[in-house]
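Quick look at run31.cif (mmCIF, N, CA and C atoms):
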data_query
#
loop_
_atom_site.label_atom_id
_atom_site.label_comp_id
_atom_site.auth_asym_id
_atom_site.auth_seq_id
_atom_site.Cartn_x
_atom_site.Cartn_y
_atom_site.Cartn_z
N MET A 229 -23.37 -2.75 -19.36
CA MET A 229 -24.80 -2.96 -19.27
C MET A 229 -25.10 -3.80 -18.03
N GLU A 230 -26.07 -3.36 -17.26
CA GLU A 230 -26.46 -4.09 -16.04
C GLU A 230 -27.24 -5.35 -16.40
N LYS A 231 -27.13 -6.37 -15.54
CA LYS A 231 -27.81 -7.64 -15.77
C LYS A 231 -29.33 -7.47 -15.87
N LYS A 232 -29.91 -6.63 -15.01
CA LYS A 232 -31.36 -6.42 -15.05
C LYS A 232 -31.78 -5.70 -16.33
N ASP A 233 -30.90 -4.86 -16.89
CA ASP A 233 -31.20 -4.18 -18.15
C ASP A 233 -31.27 -5.18 -19.30
N ILE A 234 -30.41 -6.19 -19.25
CA ILE A 234 -30.43 -7.22 -20.30
C ILE A 234 -31.76 -7.95 -20.28
N ILE A 235 -32.20 -8.37 -19.09
CA ILE A 235 -33.47 -9.08 -18.98
C ILE A 235 -34.63 -8.21 -19.46
N SER A 236 -34.59 -6.92 -19.16
CA SER A 236 -35.68 -6.03 -19.58
C SER A 236 -35.71 -5.85 -21.10
N LYS A 237 -34.60 -6.08 -21.78
CA LYS A 237 -34.54 -5.94 -23.24
C LYS A 237 -34.91 -7.22 -23.99
N LEU A 238 -35.13 -8.31 -23.25
CA LEU A 238 -35.52 -9.55 -23.90
C LEU A 238 -36.87 -9.37 -24.58
N PRO A 239 -37.05 -9.94 -25.77
CA PRO A 239 -38.31 -9.77 -26.50
C PRO A 239 -39.38 -10.78 -26.07
N TYR A 240 -39.43 -11.11 -24.78
CA TYR A 240 -40.36 -12.09 -24.25
C TYR A 240 -41.04 -11.52 -23.00
N SER A 241 -42.19 -12.09 -22.67
CA SER A 241 -42.86 -11.75 -21.41
C SER A 241 -43.47 -13.03 -20.86
N LYS A 242 -43.89 -12.99 -19.61
CA LYS A 242 -44.55 -14.13 -18.99
C LYS A 242 -45.77 -14.48 -19.82
N PRO A 243 -46.08 -15.69 -20.08
CA PRO A 243 -45.49 -16.91 -19.53
C PRO A 243 -44.34 -17.47 -20.36
N PHE A 244 -43.82 -16.71 -21.35
CA PHE A 244 -42.77 -17.24 -22.21
C PHE A 244 -41.41 -16.63 -21.93
N LEU A 245 -41.25 -15.98 -20.80
CA LEU A 245 -39.94 -15.48 -20.37
C LEU A 245 -39.34 -16.52 -19.45
N PHE A 246 -38.21 -17.09 -19.86
CA PHE A 246 -37.58 -18.18 -19.12
C PHE A 246 -36.21 -17.79 -18.55
N VAL A 247 -36.11 -16.56 -18.05
CA VAL A 247 -34.88 -16.07 -17.43
C VAL A 247 -35.27 -15.42 -16.11
N ASP A 248 -34.81 -16.00 -14.99
CA ASP A 248 -35.05 -15.38 -13.68
C ASP A 248 -33.90 -14.47 -13.29
N GLU A 249 -32.69 -14.91 -13.58
CA GLU A 249 -31.51 -14.16 -13.13
C GLU A 249 -30.32 -14.46 -14.03
N ILE A 250 -29.52 -13.43 -14.27
CA ILE A 250 -28.21 -13.60 -14.92
C ILE A 250 -27.19 -13.57 -13.80
N VAL A 251 -26.48 -14.67 -13.62
CA VAL A 251 -25.50 -14.80 -12.55
C VAL A 251 -24.20 -14.09 -12.92
N ARG A 252 -23.74 -14.33 -14.15
CA ARG A 252 -22.52 -13.65 -14.65
C ARG A 252 -22.63 -13.54 -16.16
N ILE A 253 -21.97 -12.51 -16.69
CA ILE A 253 -21.95 -12.32 -18.14
C ILE A 253 -20.71 -11.53 -18.51
N ASN A 254 -20.06 -11.93 -19.60
CA ASN A 254 -18.93 -11.18 -20.16
C ASN A 254 -18.86 -11.49 -21.66
N GLU A 255 -17.83 -11.03 -22.32
CA GLU A 255 -17.71 -11.19 -23.78
C GLU A 255 -17.61 -12.65 -24.20
N ASP A 256 -17.26 -13.53 -23.29
CA ASP A 256 -17.04 -14.94 -23.64
C ASP A 256 -18.22 -15.85 -23.31
N GLY A 257 -19.16 -15.38 -22.50
CA GLY A 257 -20.27 -16.25 -22.16
C GLY A 257 -21.17 -15.69 -21.09
N VAL A 258 -22.13 -16.52 -20.70
CA VAL A 258 -23.14 -16.10 -19.73
C VAL A 258 -23.56 -17.30 -18.89
N GLU A 259 -23.98 -17.02 -17.67
CA GLU A 259 -24.58 -18.03 -16.80
C GLU A 259 -25.84 -17.42 -16.22
N GLY A 260 -26.94 -18.18 -16.30
CA GLY A 260 -28.21 -17.68 -15.80
C GLY A 260 -29.05 -18.79 -15.21
N GLU A 261 -30.14 -18.39 -14.53
CA GLU A 261 -30.97 -19.37 -13.83
C GLU A 261 -32.44 -19.17 -14.16
N TYR A 262 -33.17 -20.28 -14.05
CA TYR A 262 -34.62 -20.26 -14.21
C TYR A 262 -35.21 -21.39 -13.37
N THR A 263 -36.34 -21.10 -12.71
CA THR A 263 -37.08 -22.10 -11.96
C THR A 263 -38.41 -22.35 -12.65
N PHE A 264 -38.70 -23.62 -12.91
CA PHE A 264 -39.93 -24.01 -13.60
C PHE A 264 -41.10 -24.05 -12.61
N ASP A 265 -42.00 -23.11 -12.74
CA ASP A 265 -43.19 -23.05 -11.88
C ASP A 265 -44.11 -24.22 -12.22
N GLU A 266 -44.57 -24.92 -11.21
CA GLU A 266 -45.42 -26.09 -11.42
C GLU A 266 -46.75 -25.75 -12.08
N ASN A 267 -47.12 -24.48 -12.11
CA ASN A 267 -48.39 -24.06 -12.70
C ASN A 267 -48.30 -23.69 -14.17
N LEU A 268 -47.14 -23.86 -14.79
CA LEU A 268 -47.02 -23.59 -16.22
C LEU A 268 -47.95 -24.52 -16.99
N ASP A 269 -48.63 -23.97 -17.99
CA ASP A 269 -49.67 -24.71 -18.71
C ASP A 269 -49.21 -26.02 -19.33
N PHE A 270 -47.99 -26.08 -19.82
CA PHE A 270 -47.58 -27.30 -20.53
C PHE A 270 -47.49 -28.52 -19.60
N TYR A 271 -47.38 -28.30 -18.29
CA TYR A 271 -47.33 -29.43 -17.36
C TYR A 271 -48.68 -30.16 -17.25
N LYS A 272 -49.76 -29.47 -17.59
CA LYS A 272 -51.09 -30.07 -17.47
C LYS A 272 -51.28 -31.26 -18.42
N GLY A 273 -50.59 -31.27 -19.54
CA GLY A 273 -50.81 -32.32 -20.51
C GLY A 273 -49.58 -33.08 -20.95
N HIS A 274 -48.42 -32.73 -20.42
CA HIS A 274 -47.19 -33.39 -20.84
C HIS A 274 -46.85 -34.50 -19.84
N PHE A 275 -47.29 -35.71 -20.15
CA PHE A 275 -47.17 -36.90 -19.32
C PHE A 275 -48.10 -36.80 -18.10
N LYS A 276 -49.34 -37.20 -18.31
CA LYS A 276 -50.37 -37.16 -17.26
C LYS A 276 -49.90 -37.87 -16.00
N GLY A 277 -50.05 -37.19 -14.88
CA GLY A 277 -49.70 -37.77 -13.60
C GLY A 277 -48.22 -37.76 -13.27
N ASN A 278 -47.37 -37.46 -14.23
CA ASN A 278 -45.92 -37.40 -14.01
C ASN A 278 -45.35 -36.33 -14.94
N PRO A 279 -45.68 -35.06 -14.69
CA PRO A 279 -45.28 -34.01 -15.61
C PRO A 279 -43.76 -33.85 -15.72
N VAL A 280 -43.33 -33.67 -16.97
CA VAL A 280 -41.92 -33.47 -17.29
C VAL A 280 -41.83 -32.26 -18.22
N THR A 281 -40.79 -31.46 -18.07
CA THR A 281 -40.60 -30.30 -18.93
C THR A 281 -40.26 -30.76 -20.34
N PRO A 282 -41.02 -30.30 -21.35
CA PRO A 282 -40.72 -30.70 -22.73
C PRO A 282 -39.33 -30.23 -23.19
N GLY A 283 -38.70 -31.04 -24.02
CA GLY A 283 -37.37 -30.70 -24.54
C GLY A 283 -37.34 -29.38 -25.29
N VAL A 284 -38.42 -29.07 -25.99
CA VAL A 284 -38.46 -27.80 -26.72
C VAL A 284 -38.41 -26.61 -25.75
N ILE A 285 -38.99 -26.77 -24.56
CA ILE A 285 -38.94 -25.70 -23.56
C ILE A 285 -37.54 -25.61 -22.96
N LEU A 286 -36.90 -26.75 -22.71
CA LEU A 286 -35.51 -26.73 -22.23
C LEU A 286 -34.61 -26.03 -23.24
N THR A 287 -34.83 -26.32 -24.52
CA THR A 287 -34.06 -25.66 -25.58
C THR A 287 -34.31 -24.16 -25.56
N GLU A 288 -35.56 -23.77 -25.38
CA GLU A 288 -35.90 -22.34 -25.33
C GLU A 288 -35.22 -21.64 -24.16
N VAL A 289 -35.18 -22.28 -23.00
CA VAL A 289 -34.50 -21.69 -21.84
C VAL A 289 -33.02 -21.49 -22.16
N MET A 290 -32.40 -22.52 -22.75
CA MET A 290 -30.98 -22.39 -23.10
C MET A 290 -30.77 -21.30 -24.15
N ALA A 291 -31.68 -21.17 -25.10
CA ALA A 291 -31.55 -20.14 -26.13
C ALA A 291 -31.72 -18.74 -25.54
N GLN A 292 -32.73 -18.57 -24.68
CA GLN A 292 -32.96 -17.25 -24.09
C GLN A 292 -31.79 -16.79 -23.24
N ILE A 293 -31.29 -17.68 -22.39
CA ILE A 293 -30.17 -17.29 -21.51
C ILE A 293 -28.86 -17.32 -22.29
N GLY A 294 -28.61 -18.43 -22.98
CA GLY A 294 -27.29 -18.66 -23.56
C GLY A 294 -26.98 -17.93 -24.83
N VAL A 295 -28.00 -17.53 -25.59
CA VAL A 295 -27.74 -16.85 -26.86
C VAL A 295 -28.33 -15.44 -26.85
N VAL A 296 -29.61 -15.30 -26.50
CA VAL A 296 -30.25 -13.98 -26.59
C VAL A 296 -29.68 -13.01 -25.55
N CYS A 297 -29.58 -13.44 -24.29
CA CYS A 297 -29.00 -12.54 -23.26
C CYS A 297 -27.57 -12.16 -23.63
N LEU A 298 -26.79 -13.14 -24.07
CA LEU A 298 -25.41 -12.84 -24.45
C LEU A 298 -25.36 -11.92 -25.66
N GLY A 299 -26.24 -12.15 -26.64
CA GLY A 299 -26.28 -11.29 -27.82
C GLY A 299 -26.63 -9.86 -27.47
N ILE A 300 -27.58 -9.66 -26.58
CA ILE A 300 -27.95 -8.31 -26.14
C ILE A 300 -26.76 -7.64 -25.46
N PHE A 301 -26.06 -8.39 -24.62
CA PHE A 301 -24.87 -7.85 -23.94
C PHE A 301 -23.79 -7.46 -24.95
N LEU A 302 -23.53 -8.33 -25.94
CA LEU A 302 -22.48 -8.06 -26.92
C LEU A 302 -22.82 -6.88 -27.82
N LEU A 303 -24.09 -6.74 -28.19
CA LEU A 303 -24.51 -5.63 -29.05
C LEU A 303 -24.59 -4.32 -28.30
N ASN A 304 -25.00 -4.37 -27.04
CA ASN A 304 -25.13 -3.21 -26.17
C ASN A 304 -25.91 -2.08 -26.85
N GLU A 305 -25.30 -0.95 -27.18
CA GLU A 305 -26.02 0.19 -27.76
C GLU A 305 -26.50 -0.05 -29.18
N LYS A 306 -25.91 -1.02 -29.87
CA LYS A 306 -26.30 -1.28 -31.26
C LYS A 306 -27.67 -1.95 -31.35
N LEU A 307 -28.16 -2.50 -30.24
CA LEU A 307 -29.49 -3.12 -30.23
C LEU A 307 -30.53 -2.02 -30.14
N ASN A 308 -31.55 -2.09 -30.99
CA ASN A 308 -32.62 -1.10 -30.94
C ASN A 308 -33.97 -1.75 -31.21
N SER A 309 -35.01 -0.95 -31.26
CA SER A 309 -36.37 -1.49 -31.43
C SER A 309 -36.57 -2.14 -32.79
N MET A 310 -35.70 -1.87 -33.74
CA MET A 310 -35.81 -2.48 -35.07
C MET A 310 -35.05 -3.81 -35.15
N SER A 311 -34.29 -4.15 -34.13
CA SER A 311 -33.51 -5.38 -34.12
C SER A 311 -34.45 -6.59 -34.06
N VAL A 312 -34.10 -7.61 -34.83
CA VAL A 312 -34.88 -8.85 -34.86
C VAL A 312 -33.96 -9.98 -34.41
N ILE A 313 -34.47 -10.81 -33.50
CA ILE A 313 -33.71 -11.94 -32.98
C ILE A 313 -34.35 -13.22 -33.50
N ALA A 314 -33.53 -14.11 -34.09
CA ALA A 314 -34.07 -15.35 -34.65
C ALA A 314 -33.13 -16.51 -34.37
N LEU A 315 -33.69 -17.63 -33.98
CA LEU A 315 -32.94 -18.86 -33.79
C LEU A 315 -32.59 -19.42 -35.17
N THR A 316 -31.34 -19.83 -35.38
CA THR A 316 -30.96 -20.36 -36.69
C THR A 316 -30.65 -21.84 -36.66
N SER A 317 -30.12 -22.36 -35.55
CA SER A 317 -29.85 -23.80 -35.49
C SER A 317 -29.66 -24.26 -34.05
N THR A 318 -30.00 -25.53 -33.84
CA THR A 318 -29.80 -26.16 -32.53
C THR A 318 -29.37 -27.60 -32.73
N SER A 319 -28.56 -28.08 -31.84
CA SER A 319 -28.20 -29.49 -31.76
C SER A 319 -28.05 -29.79 -30.27
N ILE A 320 -29.08 -30.38 -29.70
CA ILE A 320 -29.14 -30.57 -28.25
C ILE A 320 -29.26 -32.05 -27.91
N ASP A 321 -28.50 -32.49 -26.92
CA ASP A 321 -28.62 -33.83 -26.35
C ASP A 321 -29.30 -33.70 -25.00
N PHE A 322 -30.37 -34.49 -24.80
CA PHE A 322 -31.12 -34.49 -23.55
C PHE A 322 -30.72 -35.71 -22.74
N LEU A 323 -30.29 -35.47 -21.50
CA LEU A 323 -29.72 -36.54 -20.68
C LEU A 323 -30.56 -36.91 -19.46
N LYS A 324 -31.26 -35.94 -18.89
CA LYS A 324 -32.06 -36.17 -17.68
C LYS A 324 -33.34 -35.35 -17.78
N PRO A 325 -34.41 -35.80 -17.12
CA PRO A 325 -35.65 -35.01 -17.12
C PRO A 325 -35.55 -33.82 -16.17
N VAL A 326 -36.37 -32.81 -16.45
CA VAL A 326 -36.52 -31.65 -15.57
C VAL A 326 -37.99 -31.61 -15.17
N PHE A 327 -38.24 -31.56 -13.87
CA PHE A 327 -39.59 -31.64 -13.34
C PHE A 327 -40.08 -30.27 -12.87
N PRO A 328 -41.40 -30.15 -12.61
CA PRO A 328 -41.93 -28.89 -12.07
C PRO A 328 -41.21 -28.49 -10.78
N ASN A 329 -41.05 -27.20 -10.61
CA ASN A 329 -40.40 -26.57 -9.44
C ASN A 329 -38.89 -26.76 -9.40
N GLU A 330 -38.30 -27.34 -10.44
CA GLU A 330 -36.83 -27.46 -10.48
C GLU A 330 -36.20 -26.16 -10.94
N LYS A 331 -35.09 -25.85 -10.30
CA LYS A 331 -34.28 -24.70 -10.70
C LYS A 331 -33.14 -25.22 -11.55
N VAL A 332 -32.91 -24.58 -12.70
CA VAL A 332 -31.82 -24.98 -13.58
C VAL A 332 -30.87 -23.80 -13.78
N THR A 333 -29.64 -24.14 -14.09
CA THR A 333 -28.62 -23.16 -14.41
C THR A 333 -28.13 -23.43 -15.82
N VAL A 334 -28.09 -22.38 -16.63
CA VAL A 334 -27.61 -22.48 -18.01
C VAL A 334 -26.25 -21.81 -18.09
N ILE A 335 -25.30 -22.52 -18.67
CA ILE A 335 -23.95 -22.00 -18.88
C ILE A 335 -23.68 -21.99 -20.37
N SER A 336 -23.30 -20.84 -20.89
CA SER A 336 -23.07 -20.68 -22.32
C SER A 336 -21.67 -20.13 -22.56
N GLN A 337 -20.99 -20.72 -23.53
CA GLN A 337 -19.67 -20.25 -23.93
C GLN A 337 -19.73 -19.87 -25.40
N LYS A 338 -19.35 -18.65 -25.69
CA LYS A 338 -19.37 -18.16 -27.07
C LYS A 338 -18.38 -18.95 -27.92
N ILE A 339 -18.85 -19.44 -29.06
CA ILE A 339 -17.96 -20.05 -30.06
C ILE A 339 -17.51 -18.95 -31.01
N TYR A 340 -18.49 -18.19 -31.55
CA TYR A 340 -18.15 -17.01 -32.35
C TYR A 340 -19.34 -16.07 -32.42
N PHE A 341 -19.04 -14.81 -32.69
CA PHE A 341 -20.05 -13.78 -32.94
C PHE A 341 -19.52 -12.91 -34.07
N ARG A 342 -20.11 -13.08 -35.25
CA ARG A 342 -19.70 -12.27 -36.40
C ARG A 342 -20.86 -12.16 -37.38
N PHE A 343 -20.90 -11.03 -38.08
CA PHE A 343 -21.94 -10.76 -39.08
C PHE A 343 -23.34 -10.96 -38.51
N GLY A 344 -23.51 -10.62 -37.23
CA GLY A 344 -24.81 -10.72 -36.59
C GLY A 344 -25.20 -12.11 -36.14
N LYS A 345 -24.33 -13.11 -36.34
CA LYS A 345 -24.64 -14.47 -35.93
C LYS A 345 -23.82 -14.84 -34.70
N LEU A 346 -24.54 -15.35 -33.68
CA LEU A 346 -23.90 -15.78 -32.45
C LEU A 346 -24.10 -17.28 -32.30
N LYS A 347 -22.99 -17.98 -32.13
CA LYS A 347 -23.04 -19.44 -31.95
C LYS A 347 -22.38 -19.76 -30.61
N CYS A 348 -23.07 -20.61 -29.81
CA CYS A 348 -22.60 -20.89 -28.45
C CYS A 348 -22.70 -22.38 -28.11
N LYS A 349 -21.77 -22.82 -27.27
CA LYS A 349 -21.86 -24.13 -26.63
C LYS A 349 -22.63 -23.89 -25.33
N VAL A 350 -23.75 -24.62 -25.15
CA VAL A 350 -24.64 -24.35 -24.04
C VAL A 350 -24.94 -25.64 -23.28
N SER A 351 -24.95 -25.54 -21.95
CA SER A 351 -25.35 -26.69 -21.13
C SER A 351 -26.29 -26.21 -20.03
N MET A 352 -27.12 -27.15 -19.56
CA MET A 352 -28.06 -26.87 -18.48
C MET A 352 -27.81 -27.87 -17.37
N LYS A 353 -27.71 -27.36 -16.14
CA LYS A 353 -27.51 -28.21 -14.96
C LYS A 353 -28.70 -28.08 -14.03
N ASN A 354 -28.99 -29.15 -13.29
CA ASN A 354 -30.01 -29.09 -12.26
C ASN A 354 -29.37 -28.69 -10.93
N ALA A 355 -30.15 -28.66 -9.87
CA ALA A 355 -29.65 -28.23 -8.55
C ALA A 355 -28.57 -29.17 -8.00
N LYS A 356 -28.55 -30.42 -8.48
CA LYS A 356 -27.52 -31.38 -8.06
C LYS A 356 -26.24 -31.25 -8.88
N GLU A 357 -26.18 -30.21 -9.76
CA GLU A 357 -25.04 -29.97 -10.63
C GLU A 357 -24.90 -31.04 -11.72
N GLU A 358 -25.97 -31.78 -11.99
CA GLU A 358 -25.96 -32.78 -13.07
C GLU A 358 -26.35 -32.09 -14.37
N ILE A 359 -25.65 -32.43 -15.43
CA ILE A 359 -26.02 -31.88 -16.74
C ILE A 359 -27.28 -32.58 -17.22
N VAL A 360 -28.33 -31.79 -17.50
CA VAL A 360 -29.58 -32.36 -17.98
C VAL A 360 -29.69 -32.30 -19.50
N CYS A 361 -29.03 -31.33 -20.11
CA CYS A 361 -28.96 -31.25 -21.57
C CYS A 361 -27.82 -30.31 -21.96
N SER A 362 -27.32 -30.51 -23.17
CA SER A 362 -26.23 -29.68 -23.66
C SER A 362 -26.18 -29.74 -25.18
N GLY A 363 -25.50 -28.78 -25.76
CA GLY A 363 -25.36 -28.77 -27.20
C GLY A 363 -24.88 -27.44 -27.73
N ILE A 364 -25.21 -27.20 -29.00
CA ILE A 364 -24.82 -25.98 -29.71
C ILE A 364 -26.09 -25.27 -30.15
N ILE A 365 -26.15 -23.97 -29.90
CA ILE A 365 -27.28 -23.14 -30.34
C ILE A 365 -26.72 -21.91 -31.04
N ALA A 366 -27.34 -21.55 -32.16
CA ALA A 366 -26.94 -20.35 -32.89
C ALA A 366 -28.17 -19.51 -33.20
N GLY A 367 -27.95 -18.20 -33.28
CA GLY A 367 -29.03 -17.28 -33.61
C GLY A 367 -28.49 -16.06 -34.32
N MET A 368 -29.40 -15.35 -34.96
CA MET A 368 -29.06 -14.11 -35.68
C MET A 368 -29.72 -12.93 -34.99
N ILE A 369 -29.01 -11.83 -34.95
CA ILE A 369 -29.58 -10.58 -34.47
C ILE A 369 -29.32 -9.57 -35.58
N VAL A 370 -30.41 -9.15 -36.22
CA VAL A 370 -30.29 -8.20 -37.36
C VAL A 370 -31.14 -6.98 -37.13
#
Whole structure, structure tokens version:
Amino acid sequence: MEKKDIISKLPYSKPFLFVDEIVRINEDGVEGEYTFDENLDFYKGHFKGNPVTPGVILTEVMAQIGVVCLGIFLLNEKLNSMSVIALTSTSIDFLKPVFPNEKVTVISQKIYFRFGKLKCKVSMKNAKEEIVCSGIIAGMIV
């Protein structure tokens, strides 16, 4: 499956699509990138005068790249219009802020994929290669 095909199968659209590019993907994990546009609505009210990307959005970026993109790749032809994707658990540590116009890279390593559940160790780095957040994310694809 081509990287662009994976992105086209994501069940999201702008402004809630947080995947710009898949850098690499295989059975063991995925690496992808996203740049936070300064015009995203949540920046207007999240810390007036000093906008910071909310942790829930950072988690969503890691889930979209690190779990959903990988799940679509692993399922390949088995994924269809009746498939439902759901987040089941997260445990994320936030270490540094992410500001408007920052580009981040998400690296995900599969822990396991069985019975429709995918669990991954996921981290996000900024352009300086500093880890801004990391943890475990799991989801179901049924």
For this session: Using only C-alpha atoms, find the one residue out of A:Glu358, A:Ile300, A:Asn329, A:Asp321 that sits nearest to Pro239 in chain A.
Result: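 Among the listed residues, the smallest separation from Pro239 in chain A belongs to A:Ile300.
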For this session: Pick out the residues sitting within 10 Å of Leu307 in chain A, and hand them over as a list in words; count only C-alpha atoms, and ignore anything fewer than 6 positions along from it in its own chain.
Result: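 Counting only the stated atoms, we get Lys237, Gly299, Ile300, Phe301, Ile369 and Val370 of chain A.
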Problem set entry | Shortest interatomic distance to Val258 in chain A - which of A:Leu298, A:Ile313, A:Glu357, A:Phe343, counting only N, CA and C atoms |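 The answer is A:Leu298, which sits nearest to Val258 in chain A.
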For this session: Write out as a PyMOL selection string all residues of range 230-358 of chain A that backbone DSSP assigns to helix (DSSP H, G or I).
Result: chain A and resi 231-236+269-272+283-306
Could you list the residues chosen by the PyMOL selection byres (((chain A and resi 282 and name CA) around 9) and name CA) in this structure as a short mmCIF file (atom, residue, chain, number, x, y, z; two decimals) with N, CA and C atoms, keeping the file's coordinate frame?
data_model
loop_
_atom_site.label_atom_id
_atom_site.label_comp_id
_atom_site.auth_asym_id
_atom_site.auth_seq_id
_atom_site.Cartn_x
_atom_site.Cartn_y
_atom_site.Cartn_z
N PHE A 270 -47.99 -26.08 -19.82
CA PHE A 270 -47.58 -27.30 -20.53
C PHE A 270 -47.49 -28.52 -19.60
N TYR A 271 -47.38 -28.30 -18.29
CA TYR A 271 -47.33 -29.43 -17.36
C TYR A 271 -48.68 -30.16 -17.25
N HIS A 274 -48.42 -32.73 -20.42
CA HIS A 274 -47.19 -33.39 -20.84
C HIS A 274 -46.85 -34.50 -19.84
N VAL A 280 -43.33 -33.67 -16.97
CA VAL A 280 -41.92 -33.47 -17.29
C VAL A 280 -41.83 -32.26 -18.22
N THR A 281 -40.79 -31.46 -18.07
CA THR A 281 -40.60 -30.30 -18.93
C THR A 281 -40.26 -30.76 -20.34
N GLY A 283 -38.70 -31.04 -24.02
CA GLY A 283 -37.37 -30.70 -24.54
C GLY A 283 -37.34 -29.38 -25.29
N VAL A 284 -38.42 -29.07 -25.99
CA VAL A 284 -38.46 -27.80 -26.72
C VAL A 284 -38.41 -26.61 -25.75
N ILE A 285 -38.99 -26.77 -24.56
CA ILE A 285 -38.94 -25.70 -23.56
C ILE A 285 -37.54 -25.61 -22.96
N LEU A 286 -36.90 -26.75 -22.71
CA LEU A 286 -35.51 -26.73 -22.23
C LEU A 286 -34.61 -26.03 -23.24
N THR A 287 -34.83 -26.32 -24.52
CA THR A 287 -34.06 -25.66 -25.58
C THR A 287 -34.31 -24.16 -25.56
N PRO A 325 -34.41 -35.80 -17.12
CA PRO A 325 -35.65 -35.01 -17.12
C PRO A 325 -35.55 -33.82 -16.17
N VAL A 326 -36.37 -32.81 -16.45
CA VAL A 326 -36.52 -31.65 -15.57
C VAL A 326 -37.99 -31.61 -15.17
#
List every residue of range 283-356 of chain A that has an atom at most 9 Å from any atom of range 240-246 of chain A, and for each one report the closest atom pair and its distance in Å to one decimal, counting only C-alpha atoms, with rows sorted by chain and then by increasing residue number, as a Markdown table.
| residue | atom | partner | partner_atom | distance |
| --- | --- | --- | --- | --- |
| A:Ile285 | CA | A:Phe246 | CA | 8.8 |
| A:Glu288 | CA | A:Phe246 | CA | 7.7 |
| A:Val289 | CA | A:Phe246 | CA | 5.4 |
| A:Met290 | CA | A:Phe246 | CA | 8.8 |
| A:Gln292 | CA | A:Phe246 | CA | 6.8 |
| A:Ile293 | CA | A:Phe246 | CA | 7.8 |
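With only N, CA and C atoms as the atoms that count, the minimum distance from Glu330 in chain A to the choices A:Asp265, A:Glu230, A:Glu249, A:Glu259 is reached by A:Asp265.
The interatomic distance for the pair atom C of Glu261 in chain A and atom C of Val332 in chain A works out to 4.9 Å.
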